[in-house]
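Trainee: Here you go, protein_25.pdb (PDB, C-alpha atoms):
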```pdb
MODEL        1
ATOM      1  CA  MET A   1       0.552 -10.883  -8.146  1.00  0.00           C
ATOM      2  CA  GLN A   2      -1.488 -14.073  -7.753  1.00  0.00           C
ATOM      3  CA  ARG A   3       1.691 -15.962  -6.888  1.00  0.00           C
ATOM      4  CA  LEU A   4       2.496 -13.581  -4.030  1.00  0.00           C
ATOM      5  CA  PHE A   5      -0.790 -14.209  -2.238  1.00  0.00           C
ATOM      6  CA  SER A   6      -2.792 -17.390  -2.024  1.00  0.00           C
ATOM      7  CA  MET A   7      -5.968 -15.442  -1.374  1.00  0.00           C
ATOM      8  CA  PHE A   8      -7.418 -11.967  -1.169  1.00  0.00           C
ATOM      9  CA  PRO A   9      -9.269 -12.050   2.164  1.00  0.00           C
ATOM     10  CA  SER A  10     -12.763 -10.695   2.504  1.00  0.00           C
ATOM     11  CA  GLY A  11     -14.862 -10.228   5.631  1.00  0.00           C
ATOM     12  CA  TRP A  12     -13.163  -8.812   8.711  1.00  0.00           C
ATOM     13  CA  PRO A  13      -9.593  -9.500   7.499  1.00  0.00           C
ATOM     14  CA  GLY A  14     -10.376  -7.736   4.218  1.00  0.00           C
ATOM     15  CA  ARG A  15     -11.876  -4.781   6.066  1.00  0.00           C
ATOM     16  CA  GLY A  16      -8.775  -4.627   8.251  1.00  0.00           C
ATOM     17  CA  LEU A  17      -6.505  -4.515   5.206  1.00  0.00           C
ATOM     18  CA  LEU A  18      -8.715  -1.835   3.640  1.00  0.00           C
ATOM     19  CA  LEU A  19      -8.479   0.221   6.835  1.00  0.00           C
ATOM     20  CA  LEU A  20      -4.697  -0.233   6.965  1.00  0.00           C
ATOM     21  CA  ARG A  21      -4.366   0.825   3.323  1.00  0.00           C
ATOM     22  CA  ALA A  22      -6.716   3.793   3.760  1.00  0.00           C
ATOM     23  CA  VAL A  23      -5.070   5.181   6.895  1.00  0.00           C
ATOM     24  CA  SER A  24      -1.535   4.829   5.588  1.00  0.00           C
ATOM     25  CA  GLY A  25      -2.489   6.202   2.160  1.00  0.00           C
ATOM     26  CA  VAL A  26      -4.278   9.245   3.556  1.00  0.00           C
ATOM     27  CA  LEU A  27      -1.435  10.014   5.972  1.00  0.00           C
ATOM     28  CA  LEU A  28       1.184   9.692   3.251  1.00  0.00           C
ATOM     29  CA  VAL A  29      -0.688  11.918   0.801  1.00  0.00           C
ATOM     30  CA  HIS A  30      -1.588  14.522   3.441  1.00  0.00           C
ATOM     31  CA  ASP A  31       1.830  14.754   5.080  1.00  0.00           C
ATOM     32  CA  GLY A  32       3.684  14.683   1.764  1.00  0.00           C
ATOM     33  CA  ALA A  33       1.516  17.394   0.208  1.00  0.00           C
ATOM     34  CA  ALA A  34       1.766  19.569   3.319  1.00  0.00           C
ATOM     35  CA  LYS A  35       5.554  19.325   3.369  1.00  0.00           C
ATOM     36  CA  LEU A  36       5.787  19.967  -0.383  1.00  0.00           C
ATOM     37  CA  SER A  37       3.781  23.180  -0.015  1.00  0.00           C
ATOM     38  CA  ALA A  38       6.261  24.479   2.590  1.00  0.00           C
ATOM     39  CA  ALA A  39       9.058  25.032   0.013  1.00  0.00           C
ATOM     40  CA  PRO A  40      11.308  22.093   0.958  1.00  0.00           C
ATOM     41  CA  GLN A  41      14.913  21.575  -0.055  1.00  0.00           C
ATOM     42  CA  PHE A  42      15.799  19.429  -3.062  1.00  0.00           C
ATOM     43  CA  GLY A  43      16.330  16.139  -1.146  1.00  0.00           C
ATOM     44  CA  GLU A  44      13.050  16.545   0.701  1.00  0.00           C
ATOM     45  CA  ILE A  45      11.152  17.083  -2.546  1.00  0.00           C
ATOM     46  CA  ALA A  46      12.055  13.573  -3.746  1.00  0.00           C
ATOM     47  CA  GLN A  47      11.108  12.045  -0.378  1.00  0.00           C
ATOM     48  CA  GLN A  48       7.724  13.755  -0.288  1.00  0.00           C
ATOM     49  CA  LEU A  49       6.896  13.067  -3.940  1.00  0.00           C
ATOM     50  CA  ILE A  50       7.539   9.375  -3.327  1.00  0.00           C
ATOM     51  CA  ALA A  51       5.324   9.541  -0.224  1.00  0.00           C
ATOM     52  CA  VAL A  52       2.451  11.212  -2.105  1.00  0.00           C
ATOM     53  CA  CYS A  53       2.651   8.809  -5.063  1.00  0.00           C
ATOM     54  CA  THR A  54       2.850   5.645  -2.955  1.00  0.00           C
ATOM     55  CA  GLY A  55       0.037   6.922  -0.729  1.00  0.00           C
ATOM     56  CA  ALA A  56      -2.220   7.359  -3.748  1.00  0.00           C
ATOM     57  CA  ILE A  57      -1.273   3.913  -5.067  1.00  0.00           C
ATOM     58  CA  LEU A  58      -2.051   2.337  -1.670  1.00  0.00           C
ATOM     59  CA  LEU A  59      -5.429   4.076  -1.538  1.00  0.00           C
ATOM     60  CA  ALA A  60      -6.299   2.465  -4.855  1.00  0.00           C
ATOM     61  CA  GLY A  61      -4.871  -0.909  -3.855  1.00  0.00           C
ATOM     62  CA  TRP A  62      -2.755  -1.204  -6.976  1.00  0.00           C
ATOM     63  CA  CYS A  63       0.658  -2.949  -6.871  1.00  0.00           C
ATOM     64  CA  THR A  64       0.280  -3.078  -3.097  1.00  0.00           C
ATOM     65  CA  PRO A  65       3.371  -5.187  -2.258  1.00  0.00           C
ATOM     66  CA  MET A  66       5.666  -2.913  -4.253  1.00  0.00           C
ATOM     67  CA  ALA A  67       4.010   0.241  -2.918  1.00  0.00           C
ATOM     68  CA  GLY A  68       4.323  -1.057   0.649  1.00  0.00           C
ATOM     69  CA  LEU A  69       8.004  -1.744   0.103  1.00  0.00           C
ATOM     70  CA  MET A  70       8.476   1.762  -1.313  1.00  0.00           C
ATOM     71  CA  VAL A  71       6.708   3.242   1.737  1.00  0.00           C
ATOM     72  CA  LEU A  72       9.027   1.272   4.008  1.00  0.00           C
ATOM     73  CA  ILE A  73      12.154   2.493   2.210  1.00  0.00           C
ATOM     74  CA  ASP A  74      10.950   6.094   1.871  1.00  0.00           C
ATOM     75  CA  GLU A  75       9.855   6.436   5.490  1.00  0.00           C
ATOM     76  CA  LEU A  76      13.114   4.955   6.754  1.00  0.00           C
ATOM     77  CA  TRP A  77      14.933   7.448   4.522  1.00  0.00           C
ATOM     78  CA  ILE A  78      12.824  10.327   5.901  1.00  0.00           C
ATOM     79  CA  GLY A  79      13.235   9.177   9.490  1.00  0.00           C
ATOM     80  CA  LEU A  80      16.986   8.652   9.311  1.00  0.00           C
ATOM     81  CA  SER A  81      17.649  11.895   7.440  1.00  0.00           C
ATOM     82  CA  GLY A  82      15.848  13.945  10.072  1.00  0.00           C
ATOM     83  CA  GLY A  83      13.299  15.247   7.568  1.00  0.00           C
ATOM     84  CA  GLY A  84      10.266  14.399   9.662  1.00  0.00           C
ATOM     85  CA  GLN A  85       9.013  13.146  12.980  1.00  0.00           C
ATOM     86  CA  LEU A  86      10.724   9.877  13.833  1.00  0.00           C
ATOM     87  CA  ARG A  87       7.623   8.299  15.426  1.00  0.00           C
ATOM     88  CA  ALA A  88       5.439   9.014  12.400  1.00  0.00           C
ATOM     89  CA  SER A  89       8.109   7.664  10.050  1.00  0.00           C
ATOM     90  CA  ILE A  90       8.461   4.463  12.079  1.00  0.00           C
ATOM     91  CA  ALA A  91       4.672   3.984  12.178  1.00  0.00           C
ATOM     92  CA  LEU A  92       4.274   4.520   8.432  1.00  0.00           C
ATOM     93  CA  ALA A  93       7.282   2.307   7.653  1.00  0.00           C
ATOM     94  CA  SER A  94       5.678  -0.445   9.774  1.00  0.00           C
ATOM     95  CA  MET A  95       2.369  -0.044   7.929  1.00  0.00           C
ATOM     96  CA  GLY A  96       4.194  -0.269   4.603  1.00  0.00           C
ATOM     97  CA  ALA A  97       5.988  -3.433   5.685  1.00  0.00           C
ATOM     98  CA  ALA A  98       2.721  -4.979   6.899  1.00  0.00           C
ATOM     99  CA  LEU A  99       0.977  -4.195   3.606  1.00  0.00           C
ATOM    100  CA  ALA A 100       3.898  -5.580   1.621  1.00  0.00           C
ATOM    101  CA  MET A 101       3.665  -8.847   3.574  1.00  0.00           C
ATOM    102  CA  LEU A 102      -0.119  -9.199   3.883  1.00  0.00           C
ATOM    103  CA  GLY A 103      -1.281  -7.976   0.506  1.00  0.00           C
ATOM    104  CA  PRO A 104      -4.104  -5.722  -0.606  1.00  0.00           C
ATOM    105  CA  GLY A 105      -7.285  -7.515   0.456  1.00  0.00           C
ATOM    106  CA  VAL A 106     -10.417  -8.072  -1.571  1.00  0.00           C
ATOM    107  CA  TRP A 107     -11.347  -4.386  -1.982  1.00  0.00           C
ATOM    108  CA  SER A 108      -8.497  -3.348  -4.255  1.00  0.00           C
ATOM    109  CA  ILE A 109      -7.509  -3.070  -7.883  1.00  0.00           C
ATOM    110  CA  ASP A 110      -5.070  -5.949  -7.315  1.00  0.00           C
ATOM    111  CA  ALA A 111      -7.933  -8.234  -6.296  1.00  0.00           C
ATOM    112  CA  ARG A 112      -9.930  -7.275  -9.379  1.00  0.00           C
ATOM    113  CA  LEU A 113      -6.980  -7.894 -11.676  1.00  0.00           C
ATOM    114  CA  PHE A 114      -5.408 -10.935 -10.047  1.00  0.00           C
ATOM    115  CA  GLY A 115      -8.027 -12.311  -7.645  1.00  0.00           C
ATOM    116  CA  ARG A 116      -9.443 -15.767  -7.480  1.00  0.00           C
ATOM    117  CA  LYS A 117     -10.809 -17.110 -10.714  1.00  0.00           C
ATOM    118  CA  ARG A 118     -13.783 -19.411 -10.805  1.00  0.00           C
ATOM    119  CA  ILE A 119     -13.607 -22.354 -13.154  1.00  0.00           C
ATOM    120  CA  ASP A 120     -16.753 -24.382 -13.749  1.00  0.00           C
ATOM    121  CA  MET A 121     -16.084 -27.958 -14.819  1.00  0.00           C
ATOM    122  CA  ARG A 122     -19.004 -29.957 -16.109  1.00  0.00           C
ATOM    123  CA  GLN A 123     -19.002 -33.676 -16.599  1.00  0.00           C
ATOM    124  CA  ARG A 124     -20.374 -35.051 -19.836  1.00  0.00           C
TER     125      ARG A 124
ENDMDL
END
```
Is it possible to express this structure as structure tokens?
Mentor:
Amino acid sequence: MQRLFSMFPSGWPGRGLLLLRAVSGVLLVHDGAAKLSAAPQFGEIAQQLIAVCTGAILLAGWCTPMAGLMVLIDELWIGLSGGGQLRASIALASMGAALAMLGPGVWSIDARLFGRKRIDMRQR
């Protein structure tokens, strides 16, 4: 993960990434759970389960690049199959692509696991 991103931004950029992760994660979990409770067909069950799982992973900020890529693929699948609103699918696919490219930010599990390490070197 460290090799994918040179830094995990804090400050305003980090807050922006947290907001992007939170909004996309909440929308994915909410919409997926709502559609699962409406007795969907078999193909829609897989789409919505992927949406709920990747939404929860994005909320935590764990494996963010892979989760963003999965959101992109899943939302394109939902949008092209006619299983949801096209505008919402395009917006969520764009958010997934942005998160896959930008990374998780400093407030994430990824940053705790793979963030910058401090090395103190003392001269003797």
Trainee: Can you pull out the residues contacting segment 77-80 of chain A? Cut-off 10 Å, using only C-alpha atoms, and skip same-chain residues under 2 positions away; I want them as a ChimeraX atom specification.
Mentor: /A:43-44,47-48,51,71-75,82-90,93
Trainee: Nearest to Phe114 of chain A among A:Leu27, A:Ala39, A:Ala22, A:Cys63, with distances taken over all atoms listed in the file: which residue is it?
Mentor: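 Closest residue, counting all atoms listed in the file: A:Cys63.
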Trainee: So which residues get picked by the PyMOL selection byres ((chain A and resi 105) around 10) here, written as a ChimeraX atom specification?
Mentor: /A:5,7-11,13-18,21,61,64,99,102-104,106-111,115
Trainee: Using only the atoms of segment 91-101 of chain A listed in the file, plus 8 Å on each side, state the axis-aligned box centre and edge lengths in Å rounded to one decimal, as JSON.
Mentor:
```
{"center_x": 4.1, "center_y": -2.2, "center_z": 6.9, "size_x": 22.3, "size_y": 29.4, "size_z": 26.6}
```
Trainee: Any idea what the distance is between atom CA of Ala46 of chain A and atom CA of Gly32 of chain A?
Mentor: 10.1 Å
Trainee: Name the residues in contact with Ile45 of chain A at a cut-off of 9 Å, using only C-alpha atoms, excluding same-chain residues fewer than 4 positions from it; report them as a PDB file with C-alpha atoms, in the coordinates of the input.
Mentor:
```pdb
ATOM      1  CA  GLY A  32       3.684  14.683   1.764  1.00  0.00           C
ATOM      2  CA  LYS A  35       5.554  19.325   3.369  1.00  0.00           C
ATOM      3  CA  LEU A  36       5.787  19.967  -0.383  1.00  0.00           C
ATOM      4  CA  ALA A  39       9.058  25.032   0.013  1.00  0.00           C
ATOM      5  CA  PRO A  40      11.308  22.093   0.958  1.00  0.00           C
ATOM      6  CA  GLN A  41      14.913  21.575  -0.055  1.00  0.00           C
ATOM      7  CA  LEU A  49       6.896  13.067  -3.940  1.00  0.00           C
ATOM      8  CA  ILE A  50       7.539   9.375  -3.327  1.00  0.00           C
TER       9      ILE A  50
END
```
Trainee: When you draw a straight line from atom CA of Trp62 of chain A to atom CA of Ala33 of chain A, how long is it in Å?
Mentor: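 That distance, rounded to one decimal, is 20.4 Å.
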Trainee: Looking at only C-alpha atoms, which of A:Val52, A:Ala34, A:Met66, A:Met95 is the one that sits closest to Leu19 of chain A?
Mentor: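 Selected residue with least distance to Leu19 of chain A: A:Met95.
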Trainee: If we count all atoms listed in the file, what is near Gly55 of chain A at a cut-off of 7 Å, once residues fewer than 3 positions away on the same chain are taken out, given as a compact mmCIF listing (two decimals) with C-alpha atoms, keeping the file's coordinate frame?
Mentor:
```txt
# COMPACT_ATOMS: atom_id res chain seq x y z
CA SER A 24 -1.54 4.83 5.59
CA GLY A 25 -2.49 6.20 2.16
CA VAL A 26 -4.28 9.24 3.56
CA LEU A 28 1.18 9.69 3.25
CA VAL A 29 -0.69 11.92 0.80
CA ALA A 51 5.32 9.54 -0.22
CA VAL A 52 2.45 11.21 -2.10
CA LEU A 58 -2.05 2.34 -1.67
CA LEU A 59 -5.43 4.08 -1.54
```
Trainee: In Å, rounded to a single decimal, give me how far atom CA of Leu113 of chain A is from atom CA of Leu20 of chain A.
Mentor: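 Straight-line distance from atom CA of Leu20 of chain A to atom CA of Leu113 of chain A works out to 20.3 Å.
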Trainee: Pick out the closest residue to Met101 of chain A from this set: A:Leu69, A:Cys53, A:Ala60, A:Val23. Count all atoms listed in the file.
Mentor: A:Leu69
Trainee: Restricting the calculation to all atoms listed in the file, which member of A:Trp12, A:Pro65, A:Met70, A:Ala38 is positioned closest to Ala100 of chain A?
Mentor: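 Using all atoms listed in the file, the shortest distance to Ala100 of chain A belongs to A:Pro65.
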